[in-house]
file input-v5.tsv (TSV, C-alpha atoms)
chain	number	residue	atom	x	y	z
A	758	MET	CA	16.25	12.97	23.39
A	759	ASN	CA	12.79	11.65	22.52
A	760	ALA	CA	12.05	8.00	21.75
A	761	LEU	CA	11.82	8.60	18.02
A	762	GLU	CA	15.12	10.45	17.81
A	763	ALA	CA	16.75	7.67	19.83
A	764	LEU	CA	15.34	5.03	17.46
A	765	LEU	CA	16.53	6.94	14.37
A	766	ARG	CA	20.00	7.50	15.82
A	767	GLN	CA	20.40	3.86	16.71
A	768	ALA	CA	18.96	2.67	13.40
A	769	LEU	CA	21.31	4.86	11.37
A	770	ALA	CA	24.33	3.86	13.44
A	771	GLN	CA	23.72	0.12	13.53
A	772	GLY	CA	21.00	-0.63	10.99
A	773	VAL	CA	17.65	-2.01	12.07
A	774	ASP	CA	15.53	-4.84	10.81
A	775	ASP	CA	11.82	-4.04	10.86
A	776	ALA	CA	11.61	-2.26	14.20
A	777	PRO	CA	8.05	-1.40	15.26
A	778	LEU	CA	7.30	2.32	15.52
A	779	ASP	CA	5.77	2.18	18.97
A	780	ALA	CA	6.62	5.84	19.60
A	781	LEU	CA	3.92	6.74	17.05
A	782	PRO	CA	0.54	5.13	17.83
A	783	TYR	CA	-0.93	5.68	14.35
A	784	ALA	CA	2.15	4.14	12.72
A	785	ALA	CA	1.65	1.13	15.01
A	786	PHE	CA	-2.06	1.09	14.01
A	787	LEU	CA	-0.96	0.64	10.38
A	788	GLY	CA	1.61	-1.95	11.47
A	789	LEU	CA	4.49	0.13	10.07
A	790	ARG	CA	8.05	-0.99	10.69
A	791	LEU	CA	11.36	0.77	10.15
A	792	ARG	CA	14.10	-0.96	8.21
A	793	VAL	CA	17.53	0.60	7.79
A	794	SER	CA	20.14	-1.25	5.83
A	795	ALA	CA	23.19	0.06	4.00
A	796	GLY	CA	22.28	3.53	5.19
A	797	GLU	CA	18.88	3.55	3.48
A	798	ALA	CA	15.72	3.92	5.56
A	799	LEU	CA	12.58	2.13	4.45
A	800	LEU	CA	9.13	1.83	5.92
A	801	VAL	CA	7.52	-1.59	5.72
A	802	MET	CA	3.74	-2.04	5.94
A	803	PRO	CA	3.15	-5.80	6.23
A	804	PHE	CA	-0.12	-6.86	4.67
A	805	ALA	CA	-2.98	-7.06	7.14
A	806	GLU	CA	-6.67	-7.61	6.50
A	807	SER	CA	-7.44	-4.37	8.39
A	808	LEU	CA	-5.74	-2.38	5.58
A	809	ILE	CA	-8.20	-3.47	2.88
A	810	GLY	CA	-10.32	-0.75	1.26
A	811	SER	CA	-12.15	-2.67	-1.47
A	812	PRO	CA	-12.16	-6.33	-2.43
A	813	GLY	CA	-8.58	-7.48	-3.01
A	814	ARG	CA	-7.04	-4.00	-2.63
A	815	LEU	CA	-5.41	-1.91	0.05
A	816	HIS	CA	-7.27	1.23	1.12
A	817	GLY	CA	-5.65	4.09	-0.79
A	818	GLY	CA	-5.52	6.07	2.42
A	819	THR	CA	-3.18	3.55	4.03
A	820	VAL	CA	-0.70	3.92	1.18
A	821	GLY	CA	-0.98	7.72	1.34
A	822	ALA	CA	-0.48	7.63	5.10
A	823	MET	CA	2.58	5.39	4.77
A	824	LEU	CA	4.08	7.83	2.24
A	825	GLU	CA	3.37	10.78	4.52
A	826	ILE	CA	5.00	9.10	7.51
A	827	ALA	CA	7.96	8.03	5.37
A	828	GLY	CA	8.36	11.66	4.36
A	829	ALA	CA	8.20	12.97	7.92
A	830	LEU	CA	10.67	10.33	9.11
A	831	ALA	CA	13.03	11.12	6.23
A	832	VAL	CA	13.27	14.66	7.58
A	833	GLY	CA	14.21	13.22	10.98
A	834	VAL	CA	16.80	10.95	9.39
A	835	GLU	CA	18.30	13.92	7.59
A	836	GLN	CA	18.39	15.96	10.81
A	837	VAL	CA	20.17	13.13	12.61
A	838	ARG	CA	22.62	12.67	9.73
A	839	LEU	CA	23.47	16.36	9.71
A	840	GLU	CA	23.71	16.41	13.52
A	841	ARG	CA	20.94	18.96	13.66
A	842	PRO	CA	18.68	18.97	16.71
A	843	MET	CA	15.36	17.21	16.32
A	844	ASP	CA	12.54	17.98	18.69
A	845	ALA	CA	9.70	15.79	17.44
A	846	ILE	CA	8.46	14.21	14.23
A	847	ALA	CA	8.26	16.77	11.45
A	848	LYS	CA	4.74	17.93	10.48
A	849	PRO	CA	3.63	17.79	6.84
A	850	VAL	CA	1.79	20.94	5.72
A	851	ASN	CA	0.53	19.33	2.54
A	852	VAL	CA	0.80	15.99	0.79
A	853	THR	CA	-0.01	15.14	-2.83
A	854	VAL	CA	-0.29	11.48	-3.70
A	855	ASP	CA	-0.38	10.05	-7.23
A	856	TYR	CA	-1.69	6.52	-7.35
A	857	LEU	CA	-0.02	4.50	-10.10
A	858	ARG	CA	-1.23	0.95	-9.52
A	859	GLU	CA	-3.62	-0.72	-7.17
A	860	GLY	CA	-2.20	-1.82	-3.84
A	861	LYS	CA	-2.52	-5.58	-3.76
A	862	MET	CA	-2.94	-7.73	-0.67
A	863	ALA	CA	0.81	-7.86	-0.13
A	864	ASP	CA	3.51	-6.19	1.95
A	865	SER	CA	4.21	-2.59	0.98
A	866	PHE	CA	7.37	-0.52	1.20
A	867	ALA	CA	8.08	3.19	1.15
A	868	SER	CA	11.16	5.36	0.99
A	869	ALA	CA	11.47	9.12	0.94
A	870	THR	CA	14.06	11.63	-0.19
A	871	VAL	CA	14.51	15.08	1.25
A	872	THR	CA	14.96	17.29	-1.81
A	873	ARG	CA	15.77	20.30	0.33
A	874	LEU	CA	16.09	20.64	4.08
A	875	GLY	CA	15.62	24.25	5.10
A	876	ARG	CA	15.57	25.59	8.61
A	877	ARG	CA	11.77	25.74	8.67
A	878	VAL	CA	10.51	23.76	5.69
A	879	ALA	CA	11.65	20.61	3.95
A	880	ASN	CA	10.64	19.52	0.45
A	881	VAL	CA	10.21	15.77	0.33
A	882	ARG	CA	9.42	13.12	-2.26
A	883	ALA	CA	8.31	9.61	-1.39
A	884	GLU	CA	7.55	6.44	-3.30
A	885	ALA	CA	5.81	3.16	-2.49
A	886	TRP	CA	6.03	-0.28	-4.03
A	887	GLN	CA	5.18	-3.90	-3.31
A	888	GLU	CA	6.89	-6.94	-4.85
A	889	ASP	CA	8.92	-5.02	-7.41
A	890	ARG	CA	10.65	-1.77	-6.62
A	891	ASN	CA	10.58	-0.87	-10.31
A	892	ARG	CA	6.79	-1.01	-10.32
A	893	LEU	CA	5.80	1.80	-7.99
A	894	ILE	CA	2.24	1.77	-6.68
A	895	ALA	CA	2.20	5.41	-5.55
A	896	VAL	CA	4.40	8.49	-5.33
A	897	ALA	CA	3.99	11.58	-3.20
A	898	HIS	CA	5.47	14.99	-2.71
A	899	MET	CA	5.01	17.13	0.35
A	900	ASN	CA	6.10	20.24	2.21
A	901	VAL	CA	7.06	19.46	5.77
A	902	MET	CA	7.53	21.85	8.71
A	903	VAL	CA	10.82	21.00	10.33
A	904	ALA	CA	10.56	20.54	14.09
A	905	SER	CA	13.80	21.53	15.74
A	906	ARG	CA	14.87	22.72	19.15
A	907	PRO	CA	15.58	26.43	19.28
B	518	MET	CA	-33.00	3.32	-13.49
B	519	SER	CA	-31.12	5.49	-11.07
B	520	LEU	CA	-30.82	4.70	-7.38
B	521	THR	CA	-32.78	6.98	-5.07
B	522	ALA	CA	-31.04	9.04	-2.39
B	523	GLU	CA	-32.35	6.66	0.26
B	524	GLN	CA	-30.97	3.65	-1.63
B	525	LYS	CA	-27.58	5.36	-1.96
B	526	HIS	CA	-27.56	6.17	1.75
B	527	LYS	CA	-28.29	2.52	2.57
B	528	PHE	CA	-25.62	1.36	0.13
B	529	ILE	CA	-23.01	3.62	1.74
B	530	GLU	CA	-23.86	2.27	5.20
B	531	ARG	CA	-23.68	-1.33	3.98
B	532	PHE	CA	-20.49	-0.76	2.00
B	533	ASN	CA	-18.73	0.88	4.94
B	534	ALA	CA	-19.76	-1.93	7.27
B	535	LEU	CA	-17.96	-4.36	4.96
B	536	VAL	CA	-14.70	-2.52	4.32
B	537	PRO	CA	-12.02	-3.62	6.80
B	538	HIS	CA	-10.03	-0.37	6.92
B	539	VAL	CA	-13.17	1.75	7.21
B	540	LYS	CA	-14.17	-0.42	10.17
B	541	ALA	CA	-10.68	-0.17	11.67
B	542	LEU	CA	-10.91	3.64	11.55
B	543	GLY	CA	-14.49	3.53	12.87
B	544	LEU	CA	-15.84	5.73	10.03
B	545	ARG	CA	-19.57	6.44	10.22
B	546	PHE	CA	-22.07	7.89	7.77
B	547	HIS	CA	-22.66	11.56	8.53
B	548	GLY	CA	-24.67	12.91	5.61
B	549	MET	CA	-25.07	13.12	1.85
B	550	GLY	CA	-26.69	15.20	-0.90
B	551	ASP	CA	-26.95	15.30	-4.68
B	552	ASP	CA	-23.22	15.78	-5.16
B	553	TRP	CA	-21.62	15.37	-1.72
B	554	ALA	CA	-21.10	12.93	1.11
B	555	ALA	CA	-19.85	13.25	4.68
B	556	LEU	CA	-18.32	10.65	6.99
B	557	GLU	CA	-17.31	10.96	10.62
B	558	LEU	CA	-14.01	9.76	12.07
B	559	PRO	CA	-14.29	9.29	15.86
B	560	TYR	CA	-11.31	10.25	18.00
B	561	SER	CA	-9.17	7.31	19.05
B	562	GLU	CA	-5.83	7.13	20.84
B	563	ALA	CA	-4.78	4.51	18.29
B	564	LEU	CA	-4.80	7.23	15.62
B	565	VAL	CA	-2.50	9.65	17.44
B	566	GLY	CA	0.33	10.91	15.27
B	567	TYR	CA	1.78	13.46	17.68
B	568	PRO	CA	2.11	11.77	21.08
B	569	ASP	CA	3.23	14.98	22.84
B	570	THR	CA	-0.16	16.57	22.20
B	571	GLY	CA	-2.56	13.69	21.44
B	572	VAL	CA	-3.32	15.13	18.00
B	573	ILE	CA	-4.34	12.46	15.47
B	574	ALA	CA	-2.11	11.70	12.50
B	575	GLY	CA	-2.62	13.45	9.19
B	576	GLY	CA	-2.76	10.03	7.57
B	577	ALA	CA	-5.96	9.13	9.43
B	578	ILE	CA	-7.59	12.29	8.07
B	579	PHE	CA	-6.18	11.52	4.62
B	580	SER	CA	-7.85	8.08	4.75
B	581	LEU	CA	-11.12	9.65	5.99
B	582	MET	CA	-11.07	12.06	3.04
B	583	ASP	CA	-10.22	9.32	0.50
B	584	SER	CA	-13.17	7.23	1.69
B	585	THR	CA	-15.48	10.25	1.82
B	586	ALA	CA	-14.44	11.29	-1.69
B	587	GLY	CA	-15.34	7.84	-3.00
B	588	MET	CA	-18.81	8.19	-1.49
B	589	ALA	CA	-19.15	11.71	-2.93
B	590	VAL	CA	-18.43	10.35	-6.41
B	591	PHE	CA	-21.08	7.66	-5.84
B	592	THR	CA	-23.72	10.33	-5.11
B	593	ARG	CA	-23.28	11.49	-8.74
B	594	LEU	CA	-23.67	8.03	-10.29
B	595	ASP	CA	-26.84	6.21	-11.34
B	596	SER	CA	-25.56	3.02	-9.78
B	597	TRP	CA	-22.40	1.78	-8.05
B	598	ARG	CA	-19.22	1.74	-10.14
B	599	ALA	CA	-15.80	0.75	-8.90
B	600	GLN	CA	-13.41	3.67	-8.78
B	601	ALA	CA	-9.75	4.23	-8.13
B	602	THR	CA	-8.08	7.29	-6.69
B	603	MET	CA	-5.78	8.85	-9.30
B	604	ASP	CA	-4.51	11.64	-7.13
B	605	LEU	CA	-5.40	13.22	-3.84
B	606	ARG	CA	-3.86	16.33	-2.32
B	607	ILE	CA	-4.40	17.38	1.27
B	608	ASP	CA	-3.49	20.63	3.00
B	609	TYR	CA	-3.33	20.45	6.77
B	610	LEU	CA	-4.71	23.80	7.87
B	611	LYS	CA	-4.63	23.34	11.63
B	612	PRO	CA	-4.17	20.47	14.08
B	613	ALA	CA	-7.25	18.44	14.96
B	614	THR	CA	-8.40	18.88	18.56
B	615	PRO	CA	-7.67	15.79	20.70
B	616	GLY	CA	-10.81	14.01	21.85
B	617	LYS	CA	-13.03	15.40	19.07
B	618	ALA	CA	-14.47	13.54	16.09
B	619	VAL	CA	-13.50	14.80	12.63
B	620	ILE	CA	-16.11	15.22	9.89
B	621	GLY	CA	-14.99	14.78	6.30
B	622	ARG	CA	-17.24	16.45	3.75
B	623	VAL	CA	-16.43	16.10	0.05
B	624	GLN	CA	-18.19	17.38	-3.06
B	625	CYS	CA	-17.88	15.75	-6.47
B	626	TYR	CA	-18.08	18.98	-8.45
B	627	LYS	CA	-17.50	17.52	-11.92
B	628	ILE	CA	-17.89	14.08	-13.41
B	629	THR	CA	-17.19	12.82	-16.90
B	630	ARG	CA	-17.58	9.34	-18.36
B	631	ARG	CA	-14.22	8.29	-16.94
B	632	VAL	CA	-13.05	10.86	-14.42
B	633	ALA	CA	-14.54	12.42	-11.29
B	634	PHE	CA	-13.19	15.60	-9.66
B	635	VAL	CA	-13.60	16.18	-5.94
B	636	ARG	CA	-12.92	18.85	-3.33
B	637	GLY	CA	-13.64	18.85	0.35
B	638	ILE	CA	-12.77	19.76	3.88
B	639	ALA	CA	-12.31	18.14	7.26
B	640	TYR	CA	-13.64	19.95	10.35
B	641	HIS	CA	-14.92	19.35	13.89
B	642	ASP	CA	-18.07	21.44	14.44
B	643	ASP	CA	-17.76	24.42	12.15
B	644	PRO	CA	-17.09	24.00	8.42
B	645	GLU	CA	-15.89	27.63	8.43
B	646	ARG	CA	-12.92	26.51	10.55
B	647	PRO	CA	-11.53	23.60	8.55
B	648	ILE	CA	-8.73	21.29	9.73
B	649	ALA	CA	-7.82	20.13	6.24
B	650	ASN	CA	-8.64	20.81	2.61
B	651	VAL	CA	-8.51	18.19	-0.13
B	652	THR	CA	-8.72	18.09	-3.90
B	653	GLY	CA	-8.53	14.96	-5.96
B	654	THR	CA	-9.30	13.03	-9.09
B	655	PHE	CA	-10.86	9.59	-9.35
B	656	MET	CA	-10.91	7.17	-12.27
B	657	LEU	CA	-14.22	5.42	-12.86
B	658	GLU	CA	-14.19	1.84	-13.96
B	659	ASP	CA	-16.76	0.51	-16.41
B	660	ALA	CA	-20.23	-0.13	-15.06
B	661	SER	CA	-20.60	-3.81	-14.27

call {"tool": "encode", "arguments": {"input": "input-v5.tsv", "output": "structure tokens"}}
result
Amino acid sequence: MNALEALLRQALAQGVDDAPLDALPYAAFLGLRLRVSAGEALLVMPFAESLIGSPGRLHGGTVGAMLEIAGALAVGVEQVRLERPMDAIAKPVNVTVDYLREGKMADSFASATVTRLGRRVANVRAEAWQEDRNRLIAVAHMNVMVASRP
Amino acid sequence: MSLTAEQKHKFIERFNALVPHVKALGLRFHGMGDDWAALELPYSEALVGYPDTGVIAGGAIFSLMDSTAGMAVFTRLDSWRAQATMDLRIDYLKPATPGKAVIGRVQCYKITRRVAFVRGIAYHDDPERPIANVTGTFMLEDAS
């Protein structure tokens, strides 16, 4: 079992409060943390100066990246839930991000839903928000190649 | 009066030196023309998204392309205007090669008073063998 699968299994079984994603260097670069409570998995991107893209705003790419990683992890969560084998983090083939509001200099959150988990491809939607979950800052949809052991 | 190409080039270099996330990624000016801009993303282990292979994360390329697109829109403007990404789609065509820099090259192929349309690719050495393809739409804010 790889480190990521172990983290997801433990998080789903016991819940986890903002665990760093050290198994994924780029996720650590963004400062992403995994939060699982009441069976729901969230990604948290605490505000950091290094995420700024223009005065007073997050770089749009950081929000897009968070949504993409949330989507890939959601596939892993679904594989673990369904007791399907998981070999590595799933690979997005494409990602489309709609930006709804500017990302302020505040903590950001993302969650993703697997619309359909096939054997090879998953269809995933993801959304991001800051202070108010009802005021989304960005949404994404993506097709993700499912990585599974043969 | 419109900025010259040289003034735009200098502006892009100065702008990028001031933007924290652009600095964190290490993005560098790579080239520009009348309707396009290119930035370079150096390889870094901090950007790895697939630890088994050392391939950088799609998100790092997504950020490269978002920044490059913004610069491409600027090449079409008379002077700097703030802009916001409305939507950006990326297709990951093949994994980036570990250890190699990625070039993002984006064209702003249509601009209206309010909206700019972009398309572009990410590649290592040969634009005919792209790593990723992007299309997107940017909203232009009023000239200040």

call {"tool": "closest_residue", "arguments": {"input": "input-v5.tsv", "among": "A:Ala831, A:Val773, A:Ile846, A:Val793", "to": "Asp569 in chain B", "atoms": "all atoms listed in the file"}}
result
A:Ile846

call {"tool": "residues_near_point", "arguments": {"input": "input-v5.tsv", "point": "(-16.0, 18.4, 6.8)", "cutoff": "6 Å", "atoms": "only C-alpha atoms", "output": "ChimeraX atom specification"}}
result
/B:620-622,638-640,644

call {"tool": "closest_atom_pairs", "arguments": {"input": "input-v5.tsv", "of": "chain A", "to": "chain B", "cutoff": "7 Å", "atoms": "only C-alpha atoms", "output": "JSON lines"}}
result
{"residue": "A:Leu781", "atom": "CA", "partner": "B:Gly566", "partner_atom": "CA", "distance": 5.8}
{"residue": "A:Pro782", "atom": "CA", "partner": "B:Ala563", "partner_atom": "CA", "distance": 5.4}
{"residue": "A:Tyr783", "atom": "CA", "partner": "B:Leu564", "partner_atom": "CA", "distance": 4.4}
{"residue": "A:Phe786", "atom": "CA", "partner": "B:Ala563", "partner_atom": "CA", "distance": 6.1}
{"residue": "A:Glu806", "atom": "CA", "partner": "B:Pro537", "partner_atom": "CA", "distance": 6.7}
{"residue": "A:Ser807", "atom": "CA", "partner": "B:Pro537", "partner_atom": "CA", "distance": 4.9}
{"residue": "A:Leu808", "atom": "CA", "partner": "B:His538", "partner_atom": "CA", "distance": 4.9}
{"residue": "A:Ile809", "atom": "CA", "partner": "B:His538", "partner_atom": "CA", "distance": 5.4}
{"residue": "A:Gly810", "atom": "CA", "partner": "B:Val536", "partner_atom": "CA", "distance": 5.6}
{"residue": "A:Ser811", "atom": "CA", "partner": "B:Val536", "partner_atom": "CA", "distance": 6.3}
{"residue": "A:His816", "atom": "CA", "partner": "B:His538", "partner_atom": "CA", "distance": 6.6}
{"residue": "A:Gly818", "atom": "CA", "partner": "B:Ser580", "partner_atom": "CA", "distance": 3.9}
{"residue": "A:Thr819", "atom": "CA", "partner": "B:Ser580", "partner_atom": "CA", "distance": 6.5}
{"residue": "A:Gly821", "atom": "CA", "partner": "B:Gly576", "partner_atom": "CA", "distance": 6.9}
{"residue": "A:Ala822", "atom": "CA", "partner": "B:Gly576", "partner_atom": "CA", "distance": 4.1}
{"residue": "A:Glu825", "atom": "CA", "partner": "B:Gly576", "partner_atom": "CA", "distance": 6.9}
{"residue": "A:Val850", "atom": "CA", "partner": "B:Tyr609", "partner_atom": "CA", "distance": 5.2}
{"residue": "A:Asn851", "atom": "CA", "partner": "B:Asp608", "partner_atom": "CA", "distance": 4.2}
{"residue": "A:Val852", "atom": "CA", "partner": "B:Ile607", "partner_atom": "CA", "distance": 5.4}
{"residue": "A:Thr853", "atom": "CA", "partner": "B:Arg606", "partner_atom": "CA", "distance": 4.1}
{"residue": "A:Val854", "atom": "CA", "partner": "B:Leu605", "partner_atom": "CA", "distance": 5.4}
{"residue": "A:Asp855", "atom": "CA", "partner": "B:Asp604", "partner_atom": "CA", "distance": 4.4}
{"residue": "A:Tyr856", "atom": "CA", "partner": "B:Met603", "partner_atom": "CA", "distance": 5.1}

call {"tool": "atom_distance", "arguments": {"input": "input-v5.tsv", "atom1": "CA of Met802 in chain A", "atom2": "CA of Met823 in chain A"}}
result
7.6 Å

call {"tool": "residues_around", "arguments": {"input": "input-v5.tsv", "residues": "range 862-873 of chain A", "least_positions_apart": "2", "cutoff": "6 Å", "atoms": "all atoms listed in the file", "output": "NGL selection string"}}
result
:A and (799-804 or 814 or 827-828 or 831 or 879-887)

call {"tool": "write_last_selection", "arguments": {"input": "input-v5.tsv", "atoms": "C-alpha atoms", "output": "PDB file, keeping the file's coordinate frame"}}
result
ATOM      1  CA  LEU A 799      12.580   2.130   4.450  1.00  0.00           C
ATOM      2  CA  LEU A 800       9.130   1.830   5.920  1.00  0.00           C
ATOM      3  CA  VAL A 801       7.520  -1.590   5.720  1.00  0.00           C
ATOM      4  CA  MET A 802       3.740  -2.040   5.940  1.00  0.00           C
ATOM      5  CA  PRO A 803       3.150  -5.800   6.230  1.00  0.00           C
ATOM      6  CA  PHE A 804      -0.120  -6.860   4.670  1.00  0.00           C
ATOM      7  CA  ARG A 814      -7.040  -4.000  -2.630  1.00  0.00           C
ATOM      8  CA  ALA A 827       7.960   8.030   5.370  1.00  0.00           C
ATOM      9  CA  GLY A 828       8.360  11.660   4.360  1.00  0.00           C
ATOM     10  CA  ALA A 831      13.030  11.120   6.230  1.00  0.00           C
ATOM     11  CA  ALA A 879      11.650  20.610   3.950  1.00  0.00           C
ATOM     12  CA  ASN A 880      10.640  19.520   0.450  1.00  0.00           C
ATOM     13  CA  VAL A 881      10.210  15.770   0.330  1.00  0.00           C
ATOM     14  CA  ARG A 882       9.420  13.120  -2.260  1.00  0.00           C
ATOM     15  CA  ALA A 883       8.310   9.610  -1.390  1.00  0.00           C
ATOM     16  CA  GLU A 884       7.550   6.440  -3.300  1.00  0.00           C
ATOM     17  CA  ALA A 885       5.810   3.160  -2.490  1.00  0.00           C
ATOM     18  CA  TRP A 886       6.030  -0.280  -4.030  1.00  0.00           C
ATOM     19  CA  GLN A 887       5.180  -3.900  -3.310  1.00  0.00           C
TER      20      GLN A 887
END

call {"tool": "atom_distance", "arguments": {"input": "input-v5.tsv", "atom1": "CA of Arg631 in chain B", "atom2": "CA of His547 in chain B"}}
result
27.0 Å

call {"tool": "closest_residue", "arguments": {"input": "input-v5.tsv", "among": "A:Ala798, A:Arg838, A:Val820, A:Asp779", "to": "Leu874 in chain A", "atoms": "only C-alpha atoms"}}
result
A:Arg838
